[in-house]
>>> print(open('upload-v3.cif').read())   # mmCIF, N, CA and C atoms
data_input
#
loop_
_atom_site.group_PDB
_atom_site.id
_atom_site.type_symbol
_atom_site.label_atom_id
_atom_site.label_comp_id
_atom_site.auth_asym_id
_atom_site.auth_seq_id
_atom_site.Cartn_x
_atom_site.Cartn_y
_atom_site.Cartn_z
ATOM 1 N N MET L 217 0.850 -1.178 0.000
ATOM 2 C CA MET L 217 0.000 0.000 0.000
ATOM 3 C C MET L 217 0.889 1.233 0.000
ATOM 4 N N GLU L 218 0.544 2.179 -0.837
ATOM 5 C CA GLU L 218 1.315 3.419 -0.928
ATOM 6 C C GLU L 218 1.133 4.249 0.336
ATOM 7 N N ALA L 219 2.217 4.814 0.819
ATOM 8 C CA ALA L 219 2.194 5.575 2.076
ATOM 9 C C ALA L 219 1.785 7.023 1.820
ATOM 10 N N THR L 220 0.499 7.236 1.539
ATOM 11 C CA THR L 220 -0.003 8.596 1.379
ATOM 12 C C THR L 220 -0.193 9.202 2.763
ATOM 13 N N THR L 221 -0.426 10.481 2.795
ATOM 14 C CA THR L 221 -0.635 11.155 4.078
ATOM 15 C C THR L 221 -1.827 10.569 4.811
ATOM 16 N N ALA L 222 -2.904 10.296 4.102
ATOM 17 C CA ALA L 222 -4.103 9.737 4.743
ATOM 18 C C ALA L 222 -3.816 8.369 5.352
ATOM 19 N N VAL L 223 -3.038 7.552 4.653
ATOM 20 C CA VAL L 223 -2.690 6.223 5.169
ATOM 21 C C VAL L 223 -1.820 6.354 6.410
ATOM 22 N N LEU L 224 -0.844 7.238 6.371
ATOM 23 C CA LEU L 224 0.042 7.418 7.525
ATOM 24 C C LEU L 224 -0.721 7.957 8.734
ATOM 25 N N VAL L 225 -1.658 8.854 8.514
ATOM 26 C CA VAL L 225 -2.469 9.387 9.616
ATOM 27 C C VAL L 225 -3.336 8.267 10.202
ATOM 28 N N THR L 226 -3.898 7.439 9.334
ATOM 29 C CA THR L 226 -4.702 6.303 9.798
ATOM 30 C C THR L 226 -3.848 5.354 10.631
ATOM 31 N N GLN L 227 -2.637 5.077 10.198
ATOM 32 C CA GLN L 227 -1.740 4.197 10.946
ATOM 33 C C GLN L 227 -1.321 4.826 12.272
ATOM 34 N N TYR L 228 -1.128 6.137 12.279
ATOM 35 C CA TYR L 228 -0.799 6.861 13.513
ATOM 36 C C TYR L 228 -1.926 6.671 14.537
ATOM 37 N N PHE L 229 -3.164 6.882 14.103
ATOM 38 C CA PHE L 229 -4.297 6.736 15.020
ATOM 39 C C PHE L 229 -4.508 5.278 15.433
ATOM 40 N N ALA L 230 -4.194 4.340 14.557
ATOM 41 C CA ALA L 230 -4.266 2.926 14.937
ATOM 42 C C ALA L 230 -3.321 2.661 16.112
ATOM 43 N N GLY L 231 -2.106 3.186 16.026
ATOM 44 C CA GLY L 231 -1.155 3.040 17.129
ATOM 45 C C GLY L 231 -1.666 3.667 18.410
ATOM 46 N N MET L 232 -2.299 4.830 18.300
ATOM 47 C CA MET L 232 -2.843 5.496 19.485
ATOM 48 C C MET L 232 -3.956 4.669 20.133
ATOM 49 N N PHE L 233 -4.912 4.202 19.327
ATOM 50 C CA PHE L 233 -6.020 3.431 19.890
ATOM 51 C C PHE L 233 -5.543 2.120 20.506
ATOM 52 N N LEU L 234 -4.637 1.438 19.831
ATOM 53 C CA LEU L 234 -4.148 0.170 20.375
ATOM 54 C C LEU L 234 -3.353 0.378 21.663
ATOM 55 N N CYS L 235 -2.583 1.444 21.732
ATOM 56 C CA CYS L 235 -1.850 1.763 22.962
ATOM 57 C C CYS L 235 -2.820 2.116 24.090
ATOM 58 N N ASN L 236 -3.861 2.866 23.772
ATOM 59 C CA ASN L 236 -4.830 3.285 24.784
ATOM 60 C C ASN L 236 -5.612 2.100 25.347
ATOM 61 N N ALA L 237 -5.735 1.038 24.584
ATOM 62 C CA ALA L 237 -6.469 -0.133 25.064
ATOM 63 C C ALA L 237 -5.752 -0.817 26.227
ATOM 64 N N ILE L 238 -4.440 -0.755 26.239
ATOM 65 C CA ILE L 238 -3.649 -1.535 27.202
ATOM 66 C C ILE L 238 -3.964 -1.190 28.662
ATOM 67 N N PRO L 239 -3.880 0.077 29.087
ATOM 68 C CA PRO L 239 -4.124 0.332 30.511
ATOM 69 C C PRO L 239 -5.568 0.076 30.927
ATOM 70 N N HIS L 240 -6.513 0.330 30.025
ATOM 71 C CA HIS L 240 -7.915 0.095 30.379
ATOM 72 C C HIS L 240 -8.206 -1.395 30.528
ATOM 73 N N LEU L 241 -7.714 -2.194 29.596
ATOM 74 C CA LEU L 241 -7.915 -3.636 29.718
ATOM 75 C C LEU L 241 -7.155 -4.200 30.916
ATOM 76 N N ALA L 242 -5.931 -3.744 31.132
ATOM 77 C CA ALA L 242 -5.143 -4.246 32.259
ATOM 78 C C ALA L 242 -5.843 -3.961 33.583
ATOM 79 N N ALA L 243 -6.320 -2.742 33.760
ATOM 80 C CA ALA L 243 -7.010 -2.397 35.007
ATOM 81 C C ALA L 243 -8.322 -3.163 35.127
ATOM 82 N N GLY L 244 -9.104 -3.152 34.064
ATOM 83 C CA GLY L 244 -10.409 -3.805 34.116
ATOM 84 C C GLY L 244 -10.316 -5.300 34.357
ATOM 85 N N LEU L 245 -9.384 -5.966 33.706
ATOM 86 C CA LEU L 245 -9.249 -7.411 33.868
ATOM 87 C C LEU L 245 -8.708 -7.793 35.240
ATOM 88 N N GLN L 246 -8.089 -6.834 35.934
ATOM 89 C CA GLN L 246 -7.635 -7.079 37.305
ATOM 90 C C GLN L 246 -8.701 -6.696 38.329
ATOM 91 N N GLY L 247 -9.835 -6.190 37.837
ATOM 92 C CA GLY L 247 -10.901 -5.780 38.739
ATOM 93 C C GLY L 247 -10.641 -4.442 39.400
ATOM 94 N N ARG L 248 -9.762 -3.646 38.816
ATOM 95 C CA ARG L 248 -9.408 -2.348 39.395
ATOM 96 C C ARG L 248 -10.129 -1.209 38.682
ATOM 97 N N THR L 249 -10.356 -0.143 39.414
ATOM 98 C CA THR L 249 -10.900 1.059 38.800
ATOM 99 C C THR L 249 -9.765 1.811 38.112
ATOM 100 N N PHE L 250 -10.122 2.636 37.142
ATOM 101 C CA PHE L 250 -9.129 3.403 36.395
ATOM 102 C C PHE L 250 -9.862 4.556 35.717
ATOM 103 N N PRO L 251 -9.211 5.700 35.535
ATOM 104 C CA PRO L 251 -9.877 6.822 34.866
ATOM 105 C C PRO L 251 -10.263 6.473 33.425
ATOM 106 N N SER L 252 -11.407 6.971 33.014
ATOM 107 C CA SER L 252 -11.856 6.798 31.631
ATOM 108 C C SER L 252 -12.649 8.047 31.241
ATOM 109 N N PRO L 253 -13.018 8.161 29.979
ATOM 110 C CA PRO L 253 -13.829 9.318 29.574
ATOM 111 C C PRO L 253 -15.205 9.324 30.231
ATOM 112 N N PHE L 254 -15.617 8.216 30.825
ATOM 113 C CA PHE L 254 -16.945 8.115 31.424
ATOM 114 C C PHE L 254 -16.934 8.371 32.925
ATOM 115 N N SER L 255 -15.769 8.647 33.489
ATOM 116 C CA SER L 255 -15.677 8.918 34.925
ATOM 117 C C SER L 255 -16.085 10.361 35.199
ATOM 118 N N SER L 256 -16.202 10.676 36.474
ATOM 119 C CA SER L 256 -16.573 12.040 36.846
ATOM 120 C C SER L 256 -15.536 12.565 37.830
ATOM 121 N N PRO L 257 -14.783 13.602 37.470
ATOM 122 C CA PRO L 257 -14.710 14.269 36.171
ATOM 123 C C PRO L 257 -14.010 13.382 35.137
ATOM 124 N N PRO L 258 -14.341 13.570 33.858
ATOM 125 C CA PRO L 258 -13.776 12.718 32.808
ATOM 126 C C PRO L 258 -12.246 12.693 32.819
ATOM 127 N N THR L 259 -11.685 11.520 32.673
ATOM 128 C CA THR L 259 -10.249 11.204 32.644
ATOM 129 C C THR L 259 -9.523 11.522 33.950
ATOM 130 N N ILE L 260 -10.247 11.900 34.973
ATOM 131 C CA ILE L 260 -9.622 12.178 36.267
ATOM 132 C C ILE L 260 -10.206 11.260 37.337
ATOM 133 N N GLY L 261 -11.544 11.199 37.413
ATOM 134 C CA GLY L 261 -12.185 10.275 38.342
ATOM 135 C C GLY L 261 -12.029 8.847 37.849
ATOM 136 N N HIS L 262 -12.397 7.901 38.672
ATOM 137 C CA HIS L 262 -12.236 6.495 38.306
ATOM 138 C C HIS L 262 -13.545 5.899 37.813
ATOM 139 N N SER L 263 -13.449 5.023 36.824
ATOM 140 C CA SER L 263 -14.579 4.238 36.337
ATOM 141 C C SER L 263 -14.420 2.815 36.840
ATOM 142 N N SER L 264 -15.512 2.083 36.842
ATOM 143 C CA SER L 264 -15.470 0.701 37.322
ATOM 144 C C SER L 264 -14.617 -0.164 36.404
ATOM 145 N N ALA L 265 -14.280 -1.334 36.911
ATOM 146 C CA ALA L 265 -13.491 -2.287 36.130
ATOM 147 C C ALA L 265 -14.235 -2.690 34.862
ATOM 148 N N LEU L 266 -15.540 -2.902 34.965
ATOM 149 C CA LEU L 266 -16.329 -3.315 33.806
ATOM 150 C C LEU L 266 -16.342 -2.236 32.730
ATOM 151 N N VAL L 267 -16.500 -0.986 33.123
ATOM 152 C CA VAL L 267 -16.449 0.121 32.151
ATOM 153 C C VAL L 267 -15.099 0.127 31.455
ATOM 154 N N ASN L 268 -14.020 -0.102 32.195
ATOM 155 C CA ASN L 268 -12.688 -0.097 31.594
ATOM 156 C C ASN L 268 -12.472 -1.270 30.648
ATOM 157 N N VAL L 269 -13.038 -2.421 30.951
ATOM 158 C CA VAL L 269 -12.942 -3.547 30.021
ATOM 159 C C VAL L 269 -13.626 -3.186 28.711
ATOM 160 N N PHE L 270 -14.834 -2.639 28.799
ATOM 161 C CA PHE L 270 -15.550 -2.270 27.570
ATOM 162 C C PHE L 270 -14.842 -1.151 26.818
ATOM 163 N N TRP L 271 -14.310 -0.175 27.539
ATOM 164 C CA TRP L 271 -13.592 0.920 26.882
ATOM 165 C C TRP L 271 -12.304 0.409 26.228
ATOM 166 N N GLY L 272 -11.611 -0.490 26.890
ATOM 167 C CA GLY L 272 -10.414 -1.085 26.313
ATOM 168 C C GLY L 272 -10.736 -1.894 25.068
ATOM 169 N N LEU L 273 -11.807 -2.680 25.118
ATOM 170 C CA LEU L 273 -12.208 -3.461 23.948
ATOM 171 C C LEU L 273 -12.631 -2.558 22.795
ATOM 172 N N PHE L 274 -13.315 -1.467 23.106
ATOM 173 C CA PHE L 274 -13.681 -0.507 22.066
ATOM 174 C C PHE L 274 -12.427 0.039 21.387
ATOM 175 N N ASN L 275 -11.414 0.373 22.175
ATOM 176 C CA ASN L 275 -10.154 0.879 21.615
ATOM 177 C C ASN L 275 -9.462 -0.170 20.746
ATOM 178 N N VAL L 276 -9.495 -1.435 21.172
ATOM 179 C CA VAL L 276 -8.908 -2.513 20.365
ATOM 180 C C VAL L 276 -9.645 -2.624 19.034
ATOM 181 N N ILE L 277 -10.967 -2.607 19.081
ATOM 182 C CA ILE L 277 -11.759 -2.736 17.851
ATOM 183 C C ILE L 277 -11.474 -1.589 16.893
ATOM 184 N N VAL L 278 -11.484 -0.353 17.399
ATOM 185 C CA VAL L 278 -11.197 0.795 16.535
ATOM 186 C C VAL L 278 -9.787 0.686 15.966
ATOM 187 N N GLY L 279 -8.815 0.341 16.800
ATOM 188 C CA GLY L 279 -7.440 0.196 16.330
ATOM 189 C C GLY L 279 -7.317 -0.856 15.244
ATOM 190 N N LEU L 280 -7.994 -1.989 15.430
ATOM 191 C CA LEU L 280 -7.915 -3.050 14.429
ATOM 192 C C LEU L 280 -8.647 -2.691 13.137
ATOM 193 N N VAL L 281 -9.748 -1.972 13.250
ATOM 194 C CA VAL L 281 -10.440 -1.495 12.040
ATOM 195 C C VAL L 281 -9.516 -0.563 11.264
ATOM 196 N N LEU L 282 -8.814 0.314 11.972
ATOM 197 C CA LEU L 282 -7.877 1.224 11.302
ATOM 198 C C LEU L 282 -6.719 0.452 10.663
ATOM 199 N N VAL L 283 -6.229 -0.580 11.345
ATOM 200 C CA VAL L 283 -5.162 -1.407 10.769
ATOM 201 C C VAL L 283 -5.680 -2.140 9.530
ATOM 202 N N ASP L 284 -6.938 -2.552 9.559
ATOM 203 C CA ASP L 284 -7.525 -3.202 8.390
ATOM 204 C C ASP L 284 -7.606 -2.236 7.207
ATOM 205 N N LYS L 285 -7.912 -0.988 7.481
ATOM 206 C CA LYS L 285 -8.004 0.034 6.423
ATOM 207 C C LYS L 285 -6.624 0.433 5.901
ATOM 208 N N ALA L 286 -5.632 0.428 6.774
ATOM 209 C CA ALA L 286 -4.271 0.831 6.398
ATOM 210 C C ALA L 286 -3.294 -0.145 7.046
ATOM 211 N N PRO L 287 -3.076 -1.307 6.427
ATOM 212 C CA PRO L 287 -2.211 -2.336 7.017
ATOM 213 C C PRO L 287 -0.815 -1.816 7.379
ATOM 214 N N ILE L 288 -0.297 -2.367 8.452
ATOM 215 C CA ILE L 288 1.019 -1.962 8.949
ATOM 216 C C ILE L 288 1.960 -3.151 8.815
ATOM 217 N N THR L 289 3.077 -2.937 8.161
ATOM 218 C CA THR L 289 4.116 -3.955 8.028
ATOM 219 C C THR L 289 5.231 -3.624 9.022
ATOM 220 N N ILE L 290 5.568 -4.601 9.855
ATOM 221 C CA ILE L 290 6.618 -4.372 10.844
ATOM 222 C C ILE L 290 7.951 -4.220 10.132
ATOM 223 N N GLY L 291 8.691 -3.201 10.488
ATOM 224 C CA GLY L 291 9.987 -2.930 9.889
ATOM 225 C C GLY L 291 10.211 -1.435 9.765
ATOM 226 N N MET L 292 11.313 -1.073 9.196
ATOM 227 C CA MET L 292 11.639 0.345 9.049
ATOM 228 C C MET L 292 10.942 0.900 7.810
ATOM 229 N N ASN L 293 9.677 1.226 7.972
ATOM 230 C CA ASN L 293 8.903 1.814 6.887
ATOM 231 C C ASN L 293 7.971 2.870 7.471
ATOM 232 N N GLY L 294 7.423 3.696 6.623
ATOM 233 C CA GLY L 294 6.611 4.822 7.079
ATOM 234 C C GLY L 294 5.413 4.415 7.914
ATOM 235 N N GLY L 295 4.720 3.346 7.526
ATOM 236 C CA GLY L 295 3.532 2.915 8.258
ATOM 237 C C GLY L 295 3.841 2.450 9.667
ATOM 238 N N PHE L 296 4.891 1.671 9.809
ATOM 239 C CA PHE L 296 5.274 1.182 11.132
ATOM 240 C C PHE L 296 5.740 2.338 12.009
ATOM 241 N N ILE L 297 6.511 3.236 11.431
ATOM 242 C CA ILE L 297 6.985 4.399 12.187
ATOM 243 C C ILE L 297 5.808 5.279 12.604
ATOM 244 N N ALA L 298 4.830 5.449 11.722
ATOM 245 C CA ALA L 298 3.649 6.257 12.055
ATOM 246 C C ALA L 298 2.868 5.615 13.204
ATOM 247 N N ALA L 299 2.672 4.295 13.146
ATOM 248 C CA ALA L 299 1.937 3.604 14.208
ATOM 249 C C ALA L 299 2.685 3.690 15.536
ATOM 250 N N MET L 300 3.999 3.499 15.503
ATOM 251 C CA MET L 300 4.788 3.601 16.735
ATOM 252 C C MET L 300 4.784 5.029 17.267
ATOM 253 N N ALA L 301 4.812 6.006 16.375
ATOM 254 C CA ALA L 301 4.744 7.405 16.811
ATOM 255 C C ALA L 301 3.413 7.683 17.500
ATOM 256 N N GLY L 302 2.332 7.119 16.987
ATOM 257 C CA GLY L 302 1.027 7.271 17.630
ATOM 258 C C GLY L 302 1.002 6.640 19.003
ATOM 259 N N ALA L 303 1.554 5.436 19.109
ATOM 260 C CA ALA L 303 1.585 4.747 20.402
ATOM 261 C C ALA L 303 2.464 5.490 21.402
ATOM 262 N N VAL L 304 3.629 5.937 20.954
ATOM 263 C CA VAL L 304 4.558 6.645 21.850
ATOM 264 C C VAL L 304 3.968 7.987 22.283
ATOM 265 N N SER L 305 3.368 8.715 21.357
ATOM 266 C CA SER L 305 2.819 10.027 21.725
ATOM 267 C C SER L 305 1.674 9.877 22.724
ATOM 268 N N LEU L 306 0.802 8.887 22.530
ATOM 269 C CA LEU L 306 -0.268 8.675 23.495
ATOM 270 C C LEU L 306 0.307 8.185 24.813
ATOM 271 N N GLY L 307 1.301 7.311 24.756
ATOM 272 C CA GLY L 307 1.922 6.809 25.979
ATOM 273 C C GLY L 307 2.550 7.908 26.809
ATOM 274 N N ILE L 308 3.252 8.820 26.153
ATOM 275 C CA ILE L 308 3.867 9.947 26.874
ATOM 276 C C ILE L 308 2.804 10.856 27.459
ATOM 277 N N PHE L 309 1.772 11.171 26.664
ATOM 278 C CA PHE L 309 0.684 12.008 27.172
ATOM 279 C C PHE L 309 0.029 11.359 28.386
ATOM 280 N N ALA L 310 -0.293 10.066 28.284
ATOM 281 C CA ALA L 310 -0.962 9.372 29.387
ATOM 282 C C ALA L 310 -0.084 9.335 30.634
ATOM 283 N N ALA L 311 1.211 9.105 30.457
ATOM 284 C CA ALA L 311 2.119 9.060 31.609
ATOM 285 C C ALA L 311 2.123 10.391 32.351
ATOM 286 N N PHE L 312 2.208 11.479 31.621
ATOM 287 C CA PHE L 312 2.201 12.791 32.274
ATOM 288 C C PHE L 312 0.825 13.121 32.853
ATOM 289 N N HIS L 313 -0.232 12.853 32.091
ATOM 290 C CA HIS L 313 -1.587 13.186 32.550
ATOM 291 C C HIS L 313 -1.941 12.418 33.814
ATOM 292 N N PHE L 314 -1.799 11.095 33.773
ATOM 293 C CA PHE L 314 -2.192 10.294 34.925
ATOM 294 C C PHE L 314 -1.173 10.384 36.050
ATOM 295 N N GLY L 315 0.063 10.724 35.743
ATOM 296 C CA GLY L 315 1.075 10.926 36.773
ATOM 297 C C GLY L 315 0.725 12.075 37.706
ATOM 298 N N LYS L 316 -0.006 13.068 37.188
ATOM 299 C CA LYS L 316 -0.419 14.203 38.029
ATOM 300 C C LYS L 316 -1.389 13.766 39.118
ATOM 301 N N PHE L 317 -2.092 12.665 38.890
ATOM 302 C CA PHE L 317 -3.115 12.229 39.834
ATOM 303 C C PHE L 317 -2.735 10.959 40.573
ATOM 304 N N ALA L 318 -1.503 10.482 40.391
ATOM 305 C CA ALA L 318 -1.067 9.230 41.004
ATOM 306 C C ALA L 318 -1.070 9.298 42.525
ATOM 307 N N TRP L 319 -0.879 10.477 43.087
ATOM 308 C CA TRP L 319 -0.855 10.617 44.536
ATOM 309 C C TRP L 319 -2.136 10.163 45.176
ATOM 310 N N ARG L 320 -3.267 10.242 44.458
ATOM 311 C CA ARG L 320 -4.557 9.849 45.022
ATOM 312 C C ARG L 320 -4.606 8.360 45.339
ATOM 313 N N ASP L 321 -3.863 7.574 44.544
ATOM 314 C CA ASP L 321 -3.956 6.130 44.682
ATOM 315 C C ASP L 321 -2.848 5.549 45.549
ATOM 316 N N ALA L 322 -1.885 6.377 45.934
ATOM 317 C CA ALA L 322 -0.763 5.882 46.743
ATOM 318 C C ALA L 322 -1.261 5.526 48.136
ATOM 319 N N LYS L 323 -0.837 4.388 48.616
ATOM 320 C CA LYS L 323 -1.256 3.955 49.962
ATOM 321 C C LYS L 323 -0.066 4.009 50.891
#
>>> encode(input="upload-v3.cif", output="structure tokens")
Amino acid sequence: MEATTAVLVTQYFAGMFLCNAIPHLAAGLQGRTFPSPFSSPPTIGHSSALVNVFWGLFNVIVGLVLVDKAPITIGMNGGFIAAMAGAVSLGIFAAFHFGKFAWRDAK
């Protein structure tokens, strides 16, 4: 597939959605609460484990649909780099965002 701008943007967002699925599924499958867009206040308060499982699965589905639309080949190519850039950028944002509120959960 030719690496047009639209394809690279799609691959970037695929990386973001797939990366975002990880913490929600990890928390939900452990029965732990975790911030989600459905918490109060959004992304700061905690949602139930079940909400996080569903939100994580939604992110996996969206990420895989995007990968289906713009396949990613592992290796040093534009699509793989775009997907990794999406995952890394979301990962860095999430680390800083949720790091500000980590004190609430410290025991």
>>> closest_residue(input="upload-v3.cif", among="L:Ile288, L:Ala219, L:Ala303, L:Val269", to="Phe233 of chain L", atoms="only C-alpha atoms")
L:Ala303
>>> residues_around(input="upload-v3.cif", residues="segment 277-284 of chain L", least_positions_apart="2", cutoff="7 Å", atoms="all atoms listed in the file", output="PyMOL selection string")
chain L and resi 226-227+229-234+272-275+286-288
>>> resolve_selection(input="upload-v3.cif", expression="the PyMOL selection byres ((chain L and resi 249) around 8)", output="PyMOL selection string")
chain L and resi 243-244+246-248+250-252+261-266+268
>>> atom_distance(input="upload-v3.cif", atom1="atom CA of Val225 of chain L", atom2="atom CA of Ile260 of chain L")
27.7 Å
>>> axis_aligned_box(input="upload-v3.cif", around="segment 282-295 of chain L", padding_each_side="5 Å", output="lines of an AutoDock Vina configuration file")
center_x = 1.4
center_y = 0.1
center_z = 8.9
size_x = 30.5
size_y = 19.4
size_z = 16.1
>>> atom_distance(input="upload-v3.cif", atom1="atom CA of Ala237 of chain L", atom2="atom CA of Val276 of chain L")
5.8 Å
>>> select_by_dssp(input="upload-v3.cif", residues="segment 219-313 of chain L", states="alpha helix (DSSP H)", output="VMD selection string")
chain L and resid 221 to 245 265 to 285 294 to 313
>>> select_by_dssp(input="upload-v3.cif", residues="chain L", states="strand (DSSP E or B)", output="list in words")
Phe250, Pro251, His262 and Ser263 of chain L
